[in-house]
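What follows is a single structure, written as structure tokens, with notes after it.
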Amino acid sequence: MLHTPLTRRSLLLAGSASAAVVISGCTLNPDRDHSGPDAPQALPLASPPRIAWVLSSGGPRGFVHVGVLKALDELRLVPDLIVGASAGALVGSLYAAGLSARRIETLALDLQPLSLARLAWGQDERLSGAAIAELVREHAPQTRLERMPLPMACVAARQRDNTAVAFTAGDVGVAVQASSAIEGQFAPVRIRGARYVDADWTTPLPVRMARALGAQRVLAIDASVHLDRAPPGAERYRLSDLRKKALVDADGTLADQLLKPDFGYWVSLSREFRERAIEAGYRETLAAAASLKSLHAG
């Protein structure tokens, strides 16, 4: 099983960077500025949302979001807004664009993670996440954030000042790529002159962003580890786990309801792990059906 700060945060890597390059090639201009009319923007929503679903970052742990959405579908619950960071932005944007939770599950289980990493020529970071943008565009029924059936906000961190930005308009592929650009590993994504990176170390559970966008009630899904379940051998990760917990807790306390499915501490990108994470999200969401229906009522 894989368990490092990178593997917990990335939905993309298993194995060496060189293996990723062999599989998926390279990006020749990873620092190009996305500044055209389709470039993502942080714009106010057309109308204030009543219910928002917030999907956290979490790397491979983000597969849990697929199971949560599948259960919420079965419960016939619908939000007015989805806010996602990193893996949460990837899963949430596909759902907001109109892809069914079961179709997202199929994609998640069939995904070849190495295909989403490319060599980034001329960058300090070795890899580019341009293939993530292509994956989202390929499968999303609607590729403009502001035109999606469900309003969607993809949260990324502006690198120069670590400010969290919620992209609500423009190209969803670029917005998700920016939200998933793990600092130090994947090349930042330049949008309208500013570089953006994964928000995992600034806003992993963006409940405050949902509130700032007008959400009256918030359901938050936290994919981070259960520290009380850390097994022997996990001591080396305790400081990073505690730092992440502090960030998550600061936002989690602001949610009306928080789901934190438990599917073990160690992670991998194996099909078995993905199935386990999805099942945990599905099972624990259904177990909270009564309170979730109450949250969405009225």
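To be explicit about the labels: the chains of the structure tokens are called A, B, and onward in the order shown, and within each one the residues are counted from 1, while ligands get numbers from 1 in the order they are shown.
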List the neighbours of Arg158 (chain A) out to 9 Å using only C-alpha atoms; skip same-chain residues closer than 6 positions along the sequence, and give me the result as a PyMOL selection string. chain A and resi 164-165+194-199
Just write the chosen residues, N, CA and C atoms, as a tab-separated table (two decimals), in the first residue's frame.
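Produced file out24.tsv, reproduced below:
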```tsv
chain	number	residue	atom	x	y	z
A	164	ALA	N	-7.32	31.23	-1.30
A	164	ALA	CA	-8.24	30.28	-1.93
A	164	ALA	C	-9.16	31.03	-2.87
A	165	VAL	N	-9.33	30.49	-4.08
A	165	VAL	CA	-10.18	31.09	-5.10
A	165	VAL	C	-11.17	30.04	-5.59
A	194	ALA	N	-2.07	34.68	-13.19
A	194	ALA	CA	-1.71	34.18	-11.87
A	194	ALA	C	-1.60	32.66	-11.89
A	195	ARG	N	-0.67	32.13	-11.12
A	195	ARG	CA	-0.50	30.67	-11.04
A	195	ARG	C	-1.34	30.12	-9.89
A	196	TYR	N	-1.97	28.98	-10.15
A	196	TYR	CA	-2.82	28.33	-9.16
A	196	TYR	C	-2.36	26.90	-8.91
A	197	VAL	N	-2.54	26.47	-7.66
A	197	VAL	CA	-2.14	25.12	-7.26
A	197	VAL	C	-3.25	24.49	-6.42
A	198	ASP	N	-3.05	23.21	-6.12
A	198	ASP	CA	-3.95	22.45	-5.27
A	198	ASP	C	-4.15	23.18	-3.94
A	199	ALA	N	-5.38	23.23	-3.47
A	199	ALA	CA	-5.69	23.94	-2.22
A	199	ALA	C	-5.58	23.05	-0.98
```
Give me, as an MDAnalysis selection string, all polymer residues having an atom no more than 10 Å from Gly129 (chain A), counting only C-alpha atoms and skipping those fewer than 2 positions away in the same chain. chainID A and resid 12 26:27 30 115:120 127 131:134 174 176:178 180:182 185:189
Please produce an output containing C-alpha atoms for each residue in the selection, written as a PDB file, in the first residue's frame.
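Contents of the output file result-v1.pdb:
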```pdb
ATOM      1  CA  LEU A  12      -2.903  10.715 -10.068  1.00  0.00           C
ATOM      2  CA  CYS A  26       4.554  15.175 -22.144  1.00  0.00           C
ATOM      3  CA  THR A  27       3.216  18.709 -22.071  1.00  0.00           C
ATOM      4  CA  PRO A  30       2.820  23.689 -19.173  1.00  0.00           C
ATOM      5  CA  SER A 115      -2.439   8.254 -17.711  1.00  0.00           C
ATOM      6  CA  LEU A 116      -3.197  11.523 -15.920  1.00  0.00           C
ATOM      7  CA  ALA A 117       0.466  12.488 -15.384  1.00  0.00           C
ATOM      8  CA  ARG A 118       2.673  13.980 -18.103  1.00  0.00           C
ATOM      9  CA  LEU A 119       6.211  15.264 -18.161  1.00  0.00           C
ATOM     10  CA  ALA A 120       6.259  19.062 -17.815  1.00  0.00           C
ATOM     11  CA  LEU A 127       4.776  16.627 -14.082  1.00  0.00           C
ATOM     12  CA  ALA A 131      -4.497  15.240 -18.992  1.00  0.00           C
ATOM     13  CA  ILE A 132      -6.841  15.871 -16.059  1.00  0.00           C
ATOM     14  CA  ALA A 133      -8.377  18.779 -17.926  1.00  0.00           C
ATOM     15  CA  GLU A 134      -8.783  16.569 -20.986  1.00  0.00           C
ATOM     16  CA  VAL A 174      -8.648  24.014 -16.576  1.00  0.00           C
ATOM     17  CA  VAL A 176     -10.099  21.177 -12.101  1.00  0.00           C
ATOM     18  CA  GLN A 177      -6.499  20.954 -13.294  1.00  0.00           C
ATOM     19  CA  ALA A 178      -5.631  24.043 -11.239  1.00  0.00           C
ATOM     20  CA  SER A 180      -5.441  19.404  -8.550  1.00  0.00           C
ATOM     21  CA  ALA A 181      -1.956  20.873  -9.195  1.00  0.00           C
ATOM     22  CA  ILE A 182      -0.121  19.455  -6.183  1.00  0.00           C
ATOM     23  CA  GLN A 185       4.863  17.855  -7.909  1.00  0.00           C
ATOM     24  CA  PHE A 186       2.559  19.152 -10.649  1.00  0.00           C
ATOM     25  CA  ALA A 187       3.147  22.346 -12.592  1.00  0.00           C
ATOM     26  CA  PRO A 188       0.969  25.244 -11.418  1.00  0.00           C
ATOM     27  CA  VAL A 189      -1.769  26.306 -13.807  1.00  0.00           C
TER      28      VAL A 189
END
```
With distances taken over only C-alpha atoms, which of A:Arg160, A:Arg283, A:Arg137, A:Arg271 is nearest to Leu259 (chain A)? A:Arg283
Select from region 60-91 of chain A every residue with an atom at most 6 Å from any atom of region 278-282 of chain A, then for each give the shortest pair of atoms and their distance in Å to one decimal, using only C-alpha atoms, rows by chain and rising number, as a Markdown table.
```
| residue | atom | partner | partner_atom | distance |
| --- | --- | --- | --- | --- |
| A:Phe63 | CA | A:Ile278 | CA | 5.8 |
| A:Val64 | CA | A:Ile278 | CA | 4.6 |
| A:Val66 | CA | A:Ile278 | CA | 5.7 |
| A:Gly67 | CA | A:Tyr282 | CA | 4.1 |
| A:Val68 | CA | A:Gly281 | CA | 4.6 |
| A:Ala71 | CA | A:Tyr282 | CA | 5.1 |
```
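One distance worth recording is that between CA of Thr285 (chain A) and CA of Ser86 (chain A), which is 21.0 Å.
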